[in-house]
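Peer 1: Take a look at input.cif, mmCIF, C-alpha atoms, pLDDT in the B column; chains and numbers go by the auth columns:
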```cif
data_data
loop_
_atom_site.group_PDB
_atom_site.id
_atom_site.type_symbol
_atom_site.label_atom_id
_atom_site.label_comp_id
_atom_site.label_asym_id
_atom_site.label_seq_id
_atom_site.Cartn_x
_atom_site.Cartn_y
_atom_site.Cartn_z
_atom_site.B_iso_or_equiv
_atom_site.auth_seq_id
_atom_site.auth_asym_id
ATOM 1 C CA VAL A 1 14.378 -22.287 -4.461 79.00 1 A
ATOM 2 C CA VAL A 2 15.236 -18.778 -5.675 82.00 2 A
ATOM 3 C CA ASP A 3 11.871 -18.462 -7.454 79.00 3 A
ATOM 4 C CA ALA A 4 10.031 -19.581 -4.327 77.00 4 A
ATOM 5 C CA LEU A 5 11.934 -17.102 -2.151 77.00 5 A
ATOM 6 C CA GLN A 6 11.274 -14.239 -4.562 73.00 6 A
ATOM 7 C CA PHE A 7 7.578 -15.089 -4.550 73.00 7 A
ATOM 8 C CA PHE A 8 7.242 -15.308 -0.755 75.00 8 A
ATOM 9 C CA MET A 9 9.591 -12.475 0.335 75.00 9 A
ATOM 10 C CA PRO A 10 6.844 -9.789 0.206 71.00 10 A
ATOM 11 C CA THR A 11 4.805 -11.812 2.704 73.00 11 A
ATOM 12 C CA PHE A 12 7.454 -11.616 5.446 75.00 12 A
ATOM 13 C CA LYS A 13 7.223 -8.706 7.837 74.00 13 A
ATOM 14 C CA TYR A 14 9.663 -7.110 10.260 74.00 14 A
ATOM 15 C CA GLY A 15 8.524 -7.822 13.853 75.00 15 A
ATOM 16 C CA ASP A 16 8.138 -4.144 14.873 77.00 16 A
ATOM 17 C CA PHE A 17 5.218 -3.853 12.432 74.00 17 A
ATOM 18 C CA ARG A 18 3.114 -6.800 13.651 73.00 18 A
ATOM 19 C CA GLU A 19 0.578 -4.486 15.368 75.00 19 A
ATOM 20 C CA GLU A 20 -0.416 -3.102 11.964 72.00 20 A
ATOM 21 C CA GLN A 21 -2.444 -6.224 11.156 71.00 21 A
ATOM 22 C CA GLU A 22 -2.192 -5.273 7.494 70.00 22 A
ATOM 23 C CA ARG A 23 -3.349 -7.290 4.539 67.00 23 A
ATOM 24 C CA ARG A 24 -1.004 -7.596 1.607 68.00 24 A
ATOM 25 C CA LEU A 25 -2.166 -8.057 -1.929 67.00 25 A
ATOM 26 C CA ILE A 26 0.372 -9.774 -4.156 68.00 26 A
ATOM 27 C CA PHE A 27 -0.552 -9.427 -7.791 69.00 27 A
ATOM 28 C CA THR A 28 1.489 -10.911 -10.635 72.00 28 A
ATOM 29 C CA PRO A 29 -0.174 -10.113 -13.952 74.00 29 A
ATOM 30 C CA ALA A 30 0.299 -12.135 -17.090 75.00 30 A
ATOM 31 C CA PRO A 31 2.398 -10.410 -19.773 76.00 31 A
ATOM 32 C CA GLY A 32 0.164 -8.098 -21.789 75.00 32 A
ATOM 33 C CA ALA A 33 -2.632 -8.172 -19.180 74.00 33 A
ATOM 34 C CA LEU A 34 -4.844 -5.161 -18.588 74.00 34 A
ATOM 35 C CA PRO A 35 -4.719 -2.751 -16.919 75.00 35 A
ATOM 36 C CA LYS A 36 -1.194 -1.620 -17.644 80.00 36 A
ATOM 37 C CA PRO A 37 1.062 -0.744 -14.699 82.00 37 A
ATOM 38 C CA LYS A 38 1.602 2.825 -13.549 87.00 38 A
ATOM 39 C CA PHE A 39 4.968 4.048 -12.265 90.00 39 A
ATOM 40 C CA HIS A 40 6.203 6.345 -9.513 87.00 40 A
ATOM 41 C CA PRO A 41 9.685 7.366 -8.324 86.00 41 A
ATOM 42 C CA ARG A 42 10.881 6.096 -4.951 83.00 42 A
ATOM 43 C CA ARG A 43 14.368 6.448 -3.503 80.00 43 A
ATOM 44 C CA GLY A 44 15.919 6.957 -6.908 82.00 44 A
ATOM 45 C CA LEU A 45 14.067 4.027 -8.496 80.00 45 A
ATOM 46 C CA LEU A 46 11.129 3.856 -10.872 86.00 46 A
ATOM 47 C CA VAL A 47 8.613 1.553 -9.169 84.00 47 A
ATOM 48 C CA PRO A 48 5.734 -0.120 -11.066 85.00 48 A
ATOM 49 C CA TYR A 49 2.349 -0.436 -9.373 84.00 49 A
ATOM 50 C CA PHE A 50 -1.264 -1.257 -10.240 82.00 50 A
ATOM 51 C CA SER A 51 -4.305 0.793 -9.328 80.00 51 A
ATOM 52 C CA LEU A 52 -6.834 -1.205 -7.293 76.00 52 A
ATOM 53 C CA ARG A 53 -9.540 0.984 -8.790 74.00 53 A
ATOM 54 C CA GLU A 54 -8.544 -0.035 -12.321 76.00 54 A
ATOM 55 C CA LEU A 55 -8.207 -3.691 -11.348 72.00 55 A
ATOM 56 C CA SER A 56 -11.720 -3.671 -9.890 68.00 56 A
ATOM 57 C CA ASP A 57 -13.297 -1.806 -12.832 65.00 57 A
ATOM 58 C CA ARG A 58 -14.019 -4.818 -15.011 58.00 58 A
ATOM 59 C CA ASP A 59 -16.742 -3.212 -17.124 54.00 59 A
ATOM 60 C CA GLY A 60 -14.834 0.016 -17.790 50.00 60 A
ATOM 61 C CA VAL A 61 -17.596 2.322 -16.539 49.00 61 A
ATOM 62 C CA GLY A 62 -16.538 2.687 -12.927 53.00 62 A
ATOM 63 C CA SER A 63 -17.844 0.121 -10.475 57.00 63 A
ATOM 64 C CA GLY A 64 -17.741 2.380 -7.424 63.00 64 A
ATOM 65 C CA PHE A 65 -15.671 -0.289 -5.646 65.00 65 A
ATOM 66 C CA LYS A 66 -14.187 0.923 -2.366 75.00 66 A
ATOM 67 C CA LEU A 67 -11.912 -0.963 -0.033 75.00 67 A
ATOM 68 C CA PRO A 68 -13.319 -1.363 3.511 81.00 68 A
ATOM 69 C CA ILE A 69 -10.618 0.810 5.126 86.00 69 A
ATOM 70 C CA LYS A 70 -11.226 1.295 8.854 87.00 70 A
ATOM 71 C CA ASN A 71 -7.836 2.556 9.994 89.00 71 A
ATOM 72 C CA LEU A 72 -4.448 3.506 8.611 90.00 72 A
ATOM 73 C CA LEU A 73 -1.091 3.369 10.379 87.00 73 A
ATOM 74 C CA ILE A 74 1.564 5.620 8.828 86.00 74 A
ATOM 75 C CA GLY A 75 5.011 4.039 8.902 84.00 75 A
ATOM 76 C CA PRO A 76 8.146 5.649 10.331 85.00 76 A
ATOM 77 C CA SER A 77 9.138 8.872 8.598 84.00 77 A
ATOM 78 C CA SER A 78 11.016 12.113 9.185 86.00 78 A
ATOM 79 C CA HIS A 79 7.712 13.933 8.419 87.00 79 A
ATOM 80 C CA ARG A 80 5.351 11.937 10.632 88.00 80 A
ATOM 81 C CA ALA A 81 2.713 14.631 11.336 90.00 81 A
ATOM 82 C CA LEU A 82 2.690 15.879 7.744 92.00 82 A
ATOM 83 C CA ASN A 83 2.231 12.342 6.417 91.00 83 A
ATOM 84 C CA VAL A 84 -0.702 11.754 8.787 93.00 84 A
ATOM 85 C CA GLU A 85 -2.446 14.947 7.633 93.00 85 A
ATOM 86 C CA SER A 86 -1.730 14.174 3.967 93.00 86 A
ATOM 87 C CA ALA A 87 -3.175 10.677 4.359 92.00 87 A
ATOM 88 C CA LYS A 88 -6.318 12.095 6.005 94.00 88 A
ATOM 89 C CA LEU A 89 -6.761 14.537 3.121 93.00 89 A
ATOM 90 C CA MET A 90 -6.205 11.805 0.522 90.00 90 A
ATOM 91 C CA LEU A 91 -8.748 9.498 2.185 91.00 91 A
ATOM 92 C CA ALA A 92 -11.360 12.266 2.510 92.00 92 A
ATOM 93 C CA THR A 93 -10.804 13.282 -1.129 89.00 93 A
ATOM 94 C CA HIS A 94 -11.696 9.741 -2.196 84.00 94 A
ATOM 95 C CA GLY A 95 -14.759 9.454 0.038 88.00 95 A
ATOM 96 C CA TYR A 96 -13.212 7.547 2.942 90.00 96 A
ATOM 97 C CA LEU A 97 -14.688 9.363 5.935 92.00 97 A
ATOM 98 C CA GLY A 98 -14.178 8.348 9.543 92.00 98 A
ATOM 99 C CA VAL A 99 -10.940 6.427 8.912 93.00 99 A
ATOM 100 C CA ASP A 100 -8.703 6.468 12.005 94.00 100 A
ATOM 101 C CA VAL A 101 -5.230 7.644 10.873 95.00 101 A
ATOM 102 C CA LYS A 102 -2.279 7.374 13.254 92.00 102 A
ATOM 103 C CA ALA A 103 1.510 7.445 13.044 91.00 103 A
ATOM 104 C CA SER A 104 3.641 4.458 13.994 86.00 104 A
ATOM 105 C CA THR A 105 5.621 4.755 17.218 85.00 105 A
ATOM 106 C CA THR A 106 8.529 2.882 15.630 84.00 106 A
ATOM 107 C CA PRO A 107 11.456 5.322 15.382 82.00 107 A
ATOM 108 C CA TYR A 108 12.593 6.544 11.977 81.00 108 A
ATOM 109 C CA ARG A 109 16.218 5.797 11.134 79.00 109 A
ATOM 110 C CA GLY A 110 16.680 7.482 7.774 69.00 110 A
#
```
Can the structure from this file be put into structure tokens for me?

Peer 2:
Amino acid sequence: VVDALQFFMPTFKYGDFREEQERRLIFTPAPGALPKPKFHPRRGLLVPYFSLRELSDRDGVGSGFKLPIKNLLIGPSSHRALNVESAKLMLATHGYLGVDVKASTTPYRG
């Protein structure tokens, strides 16, 4: 039961975020699989993650794969406007033009 709960927990979503209509990708690589995980700090923890670009680059020469991103909703934050502008810049830097970026109206309780 514990294994099943640990597997399915990332699929549950707090009700205030239902309007996001997000898609979640749950990826559990086999030990020793390529590509190797990257890491970033978050709230005092070192968090592993995988690059979708690297996962999609099967031939190693750059497939040009791009996700079909149409809009982005920035979650609650103490820096709402700054996060929106940063997300717009990041998307434009990677060739995602015309993506509608908005901030969530859910209050931040940090």

Peer 1: Give me, as a list in words, all polymer residues having an atom no more than 9 Å from range 27-34 of chain A, counting only C-alpha atoms and skipping those fewer than 5 positions away in the same chain.

Peer 2: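 Counting only the stated atoms, we get Phe50, Glu54 and Leu55 of chain A.
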
Peer 1: At what distance in Å, to one decimal, does CA of Glu20 in chain A lie from CA of Leu97 in chain A?

Peer 2: 19.9 Å

Peer 1: In Å, with one decimal, what is the gap from CA of Leu5 in chain A to CA of Gly44 in chain A?

Peer 2: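 If I compute the distance from CA of Leu5 in chain A to CA of Gly44 in chain A, I get 24.8 Å.
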
Peer 1: For CA of Asn71 in chain A and CA of Val84 in chain A, determine how far apart the two atoms are, in Å to one decimal place.

Peer 2: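 These two atoms are separated by 11.7 Å.
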
Peer 1: I need the residue nearest Lys102 in chain A from this list: A:Lys88, A:Leu72, A:Ala4, A:Leu82. Use only C-alpha atoms for the distance.

Peer 2: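 Of A:Lys88, A:Leu72, A:Ala4, A:Leu82, the one nearest Lys102 in chain A, counting only C-alpha atoms, is A:Leu72.
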
Peer 1: Which polymer residues have any atom within 12 Å of an atom of Thr106 in chain A, counting all atoms listed in the file, with same-chain residues fewer than 6 positions away left out, as a PyMOL selection string?

Peer 2: chain A and resi 14-20+73-78+80

Peer 1: How would you write, as number ranges by chain, the residues chosen by the PyMOL selection byres ((chain A and resi 91) around 12) on this structure?

Peer 2: A: 66-72, 84-90, 92-101

Peer 1: Reconstruct range 42-53 of chain A at the level of all heavy atoms, and format the result as a PDB file, in the coordinates of the input.

Peer 2:
```
ATOM      1  N   ARG A  42      10.699   6.340  -6.379  1.00 83.00           N
ATOM      2  CA  ARG A  42      10.881   6.096  -4.951  1.00 83.00           C
ATOM      3  C   ARG A  42      12.342   5.787  -4.694  1.00 83.00           C
ATOM      4  O   ARG A  42      12.881   4.813  -5.237  1.00 83.00           O
ATOM      5  CB  ARG A  42      10.001   4.949  -4.484  1.00 83.00           C
ATOM      6  CG  ARG A  42      10.143   4.729  -2.980  1.00 83.00           C
ATOM      7  CD  ARG A  42       9.170   3.700  -2.503  1.00 83.00           C
ATOM      8  NE  ARG A  42       9.387   3.509  -1.082  1.00 83.00           N
ATOM      9  CZ  ARG A  42       8.443   3.243  -0.230  1.00 83.00           C
ATOM     10  NH1 ARG A  42       7.210   3.138  -0.639  1.00 83.00           N
ATOM     11  NH2 ARG A  42       8.715   3.078   1.034  1.00 83.00           N
ATOM     12  N   ARG A  43      12.962   6.624  -3.890  1.00 80.00           N
ATOM     13  CA  ARG A  43      14.368   6.448  -3.503  1.00 80.00           C
ATOM     14  C   ARG A  43      15.273   6.236  -4.713  1.00 80.00           C
ATOM     15  O   ARG A  43      16.098   5.324  -4.738  1.00 80.00           O
ATOM     16  CB  ARG A  43      14.511   5.309  -2.514  1.00 80.00           C
ATOM     17  CG  ARG A  43      13.801   5.566  -1.211  1.00 80.00           C
ATOM     18  CD  ARG A  43      14.009   4.439  -0.252  1.00 80.00           C
ATOM     19  NE  ARG A  43      13.256   4.714   0.964  1.00 80.00           N
ATOM     20  CZ  ARG A  43      13.001   3.822   1.885  1.00 80.00           C
ATOM     21  NH1 ARG A  43      13.436   2.590   1.726  1.00 80.00           N
ATOM     22  NH2 ARG A  43      12.318   4.134   2.952  1.00 80.00           N
ATOM     23  N   GLY A  44      15.065   7.029  -5.734  1.00 82.00           N
ATOM     24  CA  GLY A  44      15.919   6.957  -6.908  1.00 82.00           C
ATOM     25  C   GLY A  44      15.587   5.826  -7.860  1.00 82.00           C
ATOM     26  O   GLY A  44      16.332   5.568  -8.803  1.00 82.00           O
ATOM     27  N   LEU A  45      14.478   5.126  -7.625  1.00 80.00           N
ATOM     28  CA  LEU A  45      14.067   4.027  -8.496  1.00 80.00           C
ATOM     29  C   LEU A  45      12.711   4.339  -9.113  1.00 80.00           C
ATOM     30  O   LEU A  45      11.904   5.071  -8.540  1.00 80.00           O
ATOM     31  CB  LEU A  45      13.945   2.727  -7.691  1.00 80.00           C
ATOM     32  CG  LEU A  45      15.211   2.203  -7.042  1.00 80.00           C
ATOM     33  CD1 LEU A  45      14.871   1.035  -6.118  1.00 80.00           C
ATOM     34  CD2 LEU A  45      16.194   1.755  -8.101  1.00 80.00           C
ATOM     35  N   LEU A  46      12.439   3.765 -10.259  1.00 86.00           N
ATOM     36  CA  LEU A  46      11.129   3.856 -10.872  1.00 86.00           C
ATOM     37  C   LEU A  46      10.385   2.577 -10.505  1.00 86.00           C
ATOM     38  O   LEU A  46      10.771   1.484 -10.896  1.00 86.00           O
ATOM     39  CB  LEU A  46      11.273   3.987 -12.392  1.00 86.00           C
ATOM     40  CG  LEU A  46      10.037   4.395 -13.161  1.00 86.00           C
ATOM     41  CD1 LEU A  46       9.462   5.698 -12.632  1.00 86.00           C
ATOM     42  CD2 LEU A  46      10.356   4.527 -14.632  1.00 86.00           C
ATOM     43  N   VAL A  47       9.309   2.703  -9.735  1.00 84.00           N
ATOM     44  CA  VAL A  47       8.613   1.553  -9.169  1.00 84.00           C
ATOM     45  C   VAL A  47       7.268   1.346  -9.875  1.00 84.00           C
ATOM     46  O   VAL A  47       6.433   2.250  -9.900  1.00 84.00           O
ATOM     47  CB  VAL A  47       8.367   1.761  -7.658  1.00 84.00           C
ATOM     48  CG1 VAL A  47       7.618   0.580  -7.054  1.00 84.00           C
ATOM     49  CG2 VAL A  47       9.687   1.993  -6.938  1.00 84.00           C
ATOM     50  N   PRO A  48       7.038   0.152 -10.444  1.00 85.00           N
ATOM     51  CA  PRO A  48       5.734  -0.120 -11.066  1.00 85.00           C
ATOM     52  C   PRO A  48       4.696  -0.460 -10.006  1.00 85.00           C
ATOM     53  O   PRO A  48       5.009  -1.038  -8.967  1.00 85.00           O
ATOM     54  CB  PRO A  48       6.012  -1.328 -11.953  1.00 85.00           C
ATOM     55  CG  PRO A  48       7.157  -2.020 -11.301  1.00 85.00           C
ATOM     56  CD  PRO A  48       7.985  -0.956 -10.621  1.00 85.00           C
ATOM     57  N   TYR A  49       3.450  -0.074 -10.268  1.00 84.00           N
ATOM     58  CA  TYR A  49       2.349  -0.436  -9.373  1.00 84.00           C
ATOM     59  C   TYR A  49       1.062  -0.519 -10.184  1.00 84.00           C
ATOM     60  O   TYR A  49       0.987  -0.050 -11.316  1.00 84.00           O
ATOM     61  CB  TYR A  49       2.200   0.568  -8.229  1.00 84.00           C
ATOM     62  CG  TYR A  49       1.673   1.921  -8.641  1.00 84.00           C
ATOM     63  CD1 TYR A  49       0.318   2.225  -8.518  1.00 84.00           C
ATOM     64  CD2 TYR A  49       2.525   2.895  -9.142  1.00 84.00           C
ATOM     65  CE1 TYR A  49      -0.177   3.459  -8.898  1.00 84.00           C
ATOM     66  CE2 TYR A  49       2.048   4.131  -9.523  1.00 84.00           C
ATOM     67  CZ  TYR A  49       0.692   4.416  -9.396  1.00 84.00           C
ATOM     68  OH  TYR A  49       0.218   5.642  -9.789  1.00 84.00           O
ATOM     69  N   PHE A  50       0.043  -1.130  -9.600  1.00 82.00           N
ATOM     70  CA  PHE A  50      -1.264  -1.257 -10.240  1.00 82.00           C
ATOM     71  C   PHE A  50      -2.296  -0.546  -9.385  1.00 82.00           C
ATOM     72  O   PHE A  50      -2.256  -0.620  -8.154  1.00 82.00           O
ATOM     73  CB  PHE A  50      -1.663  -2.725 -10.410  1.00 82.00           C
ATOM     74  CG  PHE A  50      -0.858  -3.426 -11.459  1.00 82.00           C
ATOM     75  CD1 PHE A  50       0.324  -4.046 -11.139  1.00 82.00           C
ATOM     76  CD2 PHE A  50      -1.278  -3.437 -12.774  1.00 82.00           C
ATOM     77  CE1 PHE A  50       1.074  -4.687 -12.102  1.00 82.00           C
ATOM     78  CE2 PHE A  50      -0.534  -4.067 -13.754  1.00 82.00           C
ATOM     79  CZ  PHE A  50       0.644  -4.692 -13.414  1.00 82.00           C
ATOM     80  N   SER A  51      -3.222   0.105 -10.005  1.00 80.00           N
ATOM     81  CA  SER A  51      -4.305   0.793  -9.328  1.00 80.00           C
ATOM     82  C   SER A  51      -5.399  -0.219  -8.977  1.00 80.00           C
ATOM     83  O   SER A  51      -5.909  -0.908  -9.861  1.00 80.00           O
ATOM     84  CB  SER A  51      -4.877   1.874 -10.245  1.00 80.00           C
ATOM     85  OG  SER A  51      -6.157   2.257  -9.826  1.00 80.00           O
ATOM     86  N   LEU A  52      -5.748  -0.305  -7.694  1.00 76.00           N
ATOM     87  CA  LEU A  52      -6.834  -1.205  -7.293  1.00 76.00           C
ATOM     88  C   LEU A  52      -8.141  -0.787  -7.946  1.00 76.00           C
ATOM     89  O   LEU A  52      -8.970  -1.619  -8.278  1.00 76.00           O
ATOM     90  CB  LEU A  52      -6.988  -1.221  -5.781  1.00 76.00           C
ATOM     91  CG  LEU A  52      -5.912  -1.973  -5.014  1.00 76.00           C
ATOM     92  CD1 LEU A  52      -6.128  -1.819  -3.511  1.00 76.00           C
ATOM     93  CD2 LEU A  52      -5.901  -3.441  -5.401  1.00 76.00           C
ATOM     94  N   ARG A  53      -8.317   0.512  -8.138  1.00 74.00           N
ATOM     95  CA  ARG A  53      -9.540   0.984  -8.790  1.00 74.00           C
ATOM     96  C   ARG A  53      -9.627   0.431 -10.208  1.00 74.00           C
ATOM     97  O   ARG A  53     -10.662  -0.057 -10.642  1.00 74.00           O
ATOM     98  CB  ARG A  53      -9.569   2.507  -8.816  1.00 74.00           C
ATOM     99  CG  ARG A  53     -10.807   3.043  -9.562  1.00 74.00           C
ATOM    100  CD  ARG A  53     -10.955   4.525  -9.475  1.00 74.00           C
ATOM    101  NE  ARG A  53     -11.355   4.853  -8.110  1.00 74.00           N
ATOM    102  CZ  ARG A  53     -10.848   5.863  -7.407  1.00 74.00           C
ATOM    103  NH1 ARG A  53      -9.945   6.639  -7.924  1.00 74.00           N
ATOM    104  NH2 ARG A  53     -11.257   6.103  -6.193  1.00 74.00           N
TER     105      ARG A  53
END
```
